[in-house]
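**Q** Pasting run-v8.cif here (mmCIF, C-alpha atoms and all ligand atoms):
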data_final
loop_
_atom_site.label_atom_id
_atom_site.label_comp_id
_atom_site.auth_asym_id
_atom_site.auth_seq_id
_atom_site.Cartn_x
_atom_site.Cartn_y
_atom_site.Cartn_z
CA MET A 1 0.00 0.00 0.00
CA ARG A 2 2.84 2.36 0.83
CA ASN A 3 3.97 2.45 -2.80
CA LEU A 4 0.72 4.27 -3.59
CA PHE A 5 2.44 7.27 -2.04
CA ASP A 6 5.77 6.85 -3.79
CA TRP A 7 6.81 9.48 -6.29
CA LYS A 8 7.20 8.42 -9.91
CA GLU A 9 10.12 9.65 -11.95
CA SER A 10 7.72 10.52 -14.79
CA TRP A 11 6.02 13.13 -12.57
CA ASN A 12 9.16 15.26 -12.51
CA ILE A 13 8.89 18.46 -14.52
CA GLY A 14 12.57 19.10 -15.16
CA VAL A 15 13.17 22.02 -12.80
CA GLY A 16 15.40 20.72 -10.04
CA TRP A 17 14.23 22.80 -7.06
CA MET A 18 10.56 22.30 -7.96
CA ASP A 19 11.01 18.55 -8.39
CA ASP A 20 12.84 18.37 -5.04
CA ALA A 21 10.05 20.25 -3.29
CA HIS A 22 7.34 18.09 -4.88
CA LEU A 23 9.18 14.98 -3.77
CA GLN A 24 9.39 16.35 -0.24
CA LEU A 25 5.66 17.04 -0.21
CA ALA A 26 5.02 13.50 -1.41
CA HIS A 27 7.29 12.21 1.37
CA GLY A 28 5.26 14.26 3.81
CA LEU A 29 2.07 12.58 2.65
CA ALA A 30 3.74 9.15 2.69
CA GLY A 31 4.91 9.82 6.26
CA LEU A 32 1.44 10.86 7.28
CA PHE A 33 0.06 7.70 5.71
CA GLN A 34 2.65 5.61 7.55
CA GLN A 35 1.75 7.18 10.89
CA TYR A 36 -1.91 6.70 10.13
CA THR A 37 -1.57 3.01 9.24
CA GLU A 38 1.05 2.02 11.80
CA GLU A 39 -0.38 3.75 14.82
CA GLY A 40 -3.96 4.15 13.70
CA ALA A 41 -6.38 5.09 16.39
CA SER A 42 -3.72 5.06 19.11
CA LEU A 43 -1.92 8.03 17.57
CA PRO A 44 -2.47 11.11 19.75
CA PRO A 45 -4.40 13.74 17.77
CA GLU A 46 -1.84 16.41 18.77
CA ARG A 47 0.89 14.43 17.06
CA MET A 48 -1.15 14.02 13.90
CA ALA A 49 -2.02 17.73 14.01
CA ASP A 50 1.67 18.66 14.47
CA TYR A 51 2.59 16.53 11.52
CA CYS A 52 -0.11 18.15 9.37
CA ASP A 53 1.01 21.59 10.55
CA CYS A 54 4.49 20.76 9.33
CA LEU A 55 3.16 19.60 5.97
CA LEU A 56 1.08 22.77 5.70
CA GLU A 57 4.12 24.94 6.40
CA GLN A 58 6.15 23.06 3.84
CA ALA A 59 3.44 23.44 1.20
CA LYS A 60 3.09 27.17 1.97
CA VAL A 61 6.83 27.79 1.54
CA HIS A 62 6.98 25.87 -1.73
CA PHE A 63 3.87 27.49 -3.18
CA ARG A 64 5.21 30.92 -2.30
CA ASP A 65 8.47 30.11 -4.08
CA GLU A 66 6.57 29.05 -7.19
CA GLU A 67 4.28 32.06 -7.08
CA GLU A 68 7.21 34.48 -6.73
CA TRP A 69 8.75 33.01 -9.86
CA MET A 70 5.49 33.16 -11.76
CA GLU A 71 4.97 36.77 -10.78
CA PHE A 72 8.53 37.70 -11.63
CA LEU A 73 8.17 36.16 -15.09
CA ASN A 74 4.68 37.59 -15.73
CA TYR A 75 3.22 34.14 -16.13
CA PRO A 76 -0.29 34.53 -17.59
CA GLY A 77 -1.58 31.48 -15.71
CA LEU A 78 -0.65 32.94 -12.31
CA ARG A 79 -4.20 33.65 -11.16
CA SER A 80 -5.57 30.18 -11.67
CA HIS A 81 -2.38 28.70 -10.25
CA LEU A 82 -2.80 30.82 -7.12
CA ARG A 83 -6.36 29.58 -6.83
CA GLU A 84 -5.25 25.96 -6.95
CA HIS A 85 -2.59 26.56 -4.31
CA SER A 86 -4.98 28.31 -1.95
CA MET A 87 -7.56 25.55 -2.37
CA LEU A 88 -5.09 22.94 -1.22
CA LEU A 89 -3.93 25.06 1.72
CA ALA A 90 -7.55 25.62 2.75
CA GLU A 91 -8.16 21.88 2.61
CA LEU A 92 -5.14 21.11 4.75
CA LYS A 93 -6.15 23.80 7.26
CA TYR A 94 -9.62 22.31 7.42
CA TYR A 95 -8.28 18.85 8.30
CA ILE A 96 -5.88 20.23 10.87
CA LYS A 97 -8.75 22.07 12.55
CA GLU A 98 -10.83 18.90 12.46
CA ILE A 99 -8.05 16.90 14.09
CA LYS A 100 -7.49 19.55 16.75
CA CYS A 101 -11.21 19.62 17.51
CA GLY A 102 -11.21 15.85 18.00
CA GLY A 103 -12.96 15.00 14.73
CA ASN A 104 -12.08 12.07 12.52
CA GLY A 105 -9.59 14.18 10.59
CA ILE A 106 -7.31 12.23 8.35
CA SER A 107 -8.58 9.08 6.68
CA LEU A 108 -7.21 6.98 3.87
CA GLU A 109 -9.66 8.71 1.50
CA VAL A 110 -8.39 12.13 2.57
CA LEU A 111 -4.77 11.10 2.10
CA MET A 112 -5.48 9.63 -1.31
CA ALA A 113 -7.36 12.77 -2.33
CA LEU A 114 -4.44 14.99 -1.22
CA LYS A 115 -1.97 12.83 -3.09
CA GLY A 116 -4.21 12.85 -6.17
CA TRP A 117 -4.36 16.64 -5.96
CA LEU A 118 -0.59 16.95 -5.71
CA VAL A 119 0.08 14.67 -8.68
CA THR A 120 -2.54 16.32 -10.88
CA HIS A 121 -1.38 19.81 -9.94
CA VAL A 122 2.26 19.00 -10.62
CA THR A 123 1.79 17.03 -13.82
CA GLU A 124 -0.71 19.46 -15.32
CA SER A 125 -0.53 22.96 -13.83
CA ASP A 126 3.16 23.07 -12.85
CA ARG A 127 4.10 21.44 -16.13
CA GLU A 128 2.15 24.13 -17.98
CA PHE A 129 4.34 26.71 -16.27
CA VAL A 130 7.48 24.90 -17.40
CA HIS A 131 6.04 24.75 -20.92
CA PHE A 132 5.58 28.54 -20.78
CA LEU A 133 9.22 28.94 -19.69
CA ARG A 134 10.48 26.86 -22.58
CA GLN A 135 8.15 28.50 -25.08
CA HIS A 136 9.41 31.96 -24.18
CA ASP A 137 13.01 30.96 -23.88
CA LEU A 138 12.92 31.69 -20.16
CA PHE A 139 14.12 28.29 -19.19
CA ASP A 140 17.54 28.94 -17.77
CA SER A 141 18.38 25.69 -16.08
CA ARG A 142 21.33 27.19 -14.18
CA LEU A 143 19.17 29.92 -12.68
CA MET A 144 16.36 27.50 -11.92
CA GLU A 145 18.70 25.01 -10.30
CA GLU A 146 20.24 27.70 -8.12
CA HIS A 147 16.91 28.63 -6.63
CA ARG A 148 17.06 26.32 -3.66
CA SER A 149 13.84 25.78 -1.85
CA PRO A 150 13.88 25.75 1.98
CA CYS A 151 12.03 22.44 1.58
CA ALA A 152 15.47 20.85 1.40
CA GLU A 153 15.43 21.23 5.20
CA SER A 154 12.20 19.30 5.41
CA PRO A 155 11.55 17.13 8.46
CA PHE A 156 10.00 14.67 6.01
CA ALA A 157 13.27 13.85 4.30
CA GLU A 158 13.63 10.19 3.41
CA GLY A 159 14.55 8.04 6.36
CA SER A 160 13.51 10.58 8.99
FE FE J 201 2.15 24.81 -8.21
#
What would the structure in this file look like if it were written as structure tokens?
Ligand SMILES: [Fe+2]
**A**
Amino acid sequence: MRNLFDWKESWNIGVGWMDDAHLQLAHGLAGLFQQYTEEGASLPPERMADYCDCLLEQAKVHFRDEEEWMEFLNYPGLRSHLREHSMLLAELKYYIKEIKCGGNGISLEVLMALKGWLVTHVTESDREFVHFLRQHDLFDSRLMEEHRSPCAESPFAEGS
């Protein structure tokens, strides 16, 4: 079951720092899934909420990085991209609130939906952005590689 949350090479979009950050977000979801399945009902809600808080923070930082680039490059799809980002953040916030209020919070369905969102967003919307970069000759791999996301410091790094 865990491999449902593994990242596939084919989902990479060819911009190093973005691919790294997407992988970290996927690791975050995989970690959440692991906690959920291994500890299940015995997992204290505060711990689950802390974990989700961390994931939320990580997503916020990465989305901001992407949005800054899009703004800087006058990307015409910025508005709809912003909307997609804020929808995911709102969803995560909702579940965190649920967990903190003692509700059911995270379930397998929720985790699968979040993962589905991430993959669709990356492989469609983020890839569209990369297409725009290439189309307008804005794809400077050196510059893009140098933009290191703080997600590299993620607590969800493999093996942690
Ligand atoms: Fe994005």
**Q** Give the residues close to ligand FE 201 (chain J), within 9 Å, counting all atoms listed in the file; write them as number ranges by chain.
**A** A: 18, 62-63, 66-67, 81-82, 84-85, 118, 121-122, 125-127, 129
**Q** Quick one: axis-aligned box around all listed atoms of stretch 126-139 of chain A, 4 Å on every side, centre and edge lengths in Å to one decimal, written as AutoDock Vina command-line options.
**A**
--center_x 8.1 --center_y 26.7 --center_z -19.0 --size_x 20.0 --size_y 18.5 --size_z 20.2
**Q** With all atoms listed in the file as the counted atoms, please give the residues lying no more than 8 Å from A:Lys115, apart from itself and same-chain residues fewer than 2 positions off, as a PyMOL selection string.
**A** chain A and resi 5+26+29+111-113+117-119
**Q** Counting all atoms listed in the file, figure out which residue out of A:Val15, A:Leu32, A:Leu114, A:Leu73 gets nearest to A:Ala90.
**A**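 The closest residue to A:Ala90 is A:Leu114.
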**Q** Select, from A:Ile106, A:Ile96, A:Leu23, A:Leu138, the residue with the minimum atom-to-atom distance to A:Trp69, counting only C-alpha atoms.
**A**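 Ranked by minimum distance to A:Trp69, first place goes to A:Leu138.
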**Q** Need the shell around stretch 54-61 of chain A: protein/DNA/RNA residues with any atom at most 7 Å away, counting only C-alpha atoms. Skip same-chain ones fewer than 4 positions apart. Format as a list in words?
**A**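 Once the nearby chain positions are removed, what remains is Leu25, Gly28, Asp50, Asp65, Leu89, Leu92 and Cys151 of chain A.
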**Q** Using atom CA of A:His22 and atom CA of A:Asp137 as the two end points, give the distance in Å to one decimal.
**A**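 That distance, rounded to one decimal, is 23.6 Å.
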**Q** Would you compute the distance between atom CA of A:Tyr36 and atom CA of A:Tyr51? Give it in Å to one decimal.
**A** 10.9 Å
**Q** Could you check which of A:Lys100, A:Arg79, A:His136, A:Lys93 is closest to A:Arg47, using only C-alpha atoms?
**A**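 Using only C-alpha atoms, A:Arg47 sits closest to A:Lys100.
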**Q** Using only C-alpha atoms, which of A:Pro76, A:Phe139, A:Cys52, A:Thr120 sits nearest A:Gly31?
**A**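 For A:Gly31, the nearest of the given residues is A:Cys52.
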**Q** Hey, can you check how far atom CA of A:Tyr75 sits from atom CA of A:Glu128?
**A**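 Separating atom CA of A:Tyr75 from atom CA of A:Glu128 is a distance of 10.2 Å.
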**Q** Of the residues A:Val130, A:Leu108, A:Leu88, A:Cys101, which is the one nearest to A:Phe33, using only C-alpha atoms?
**A** A:Leu108
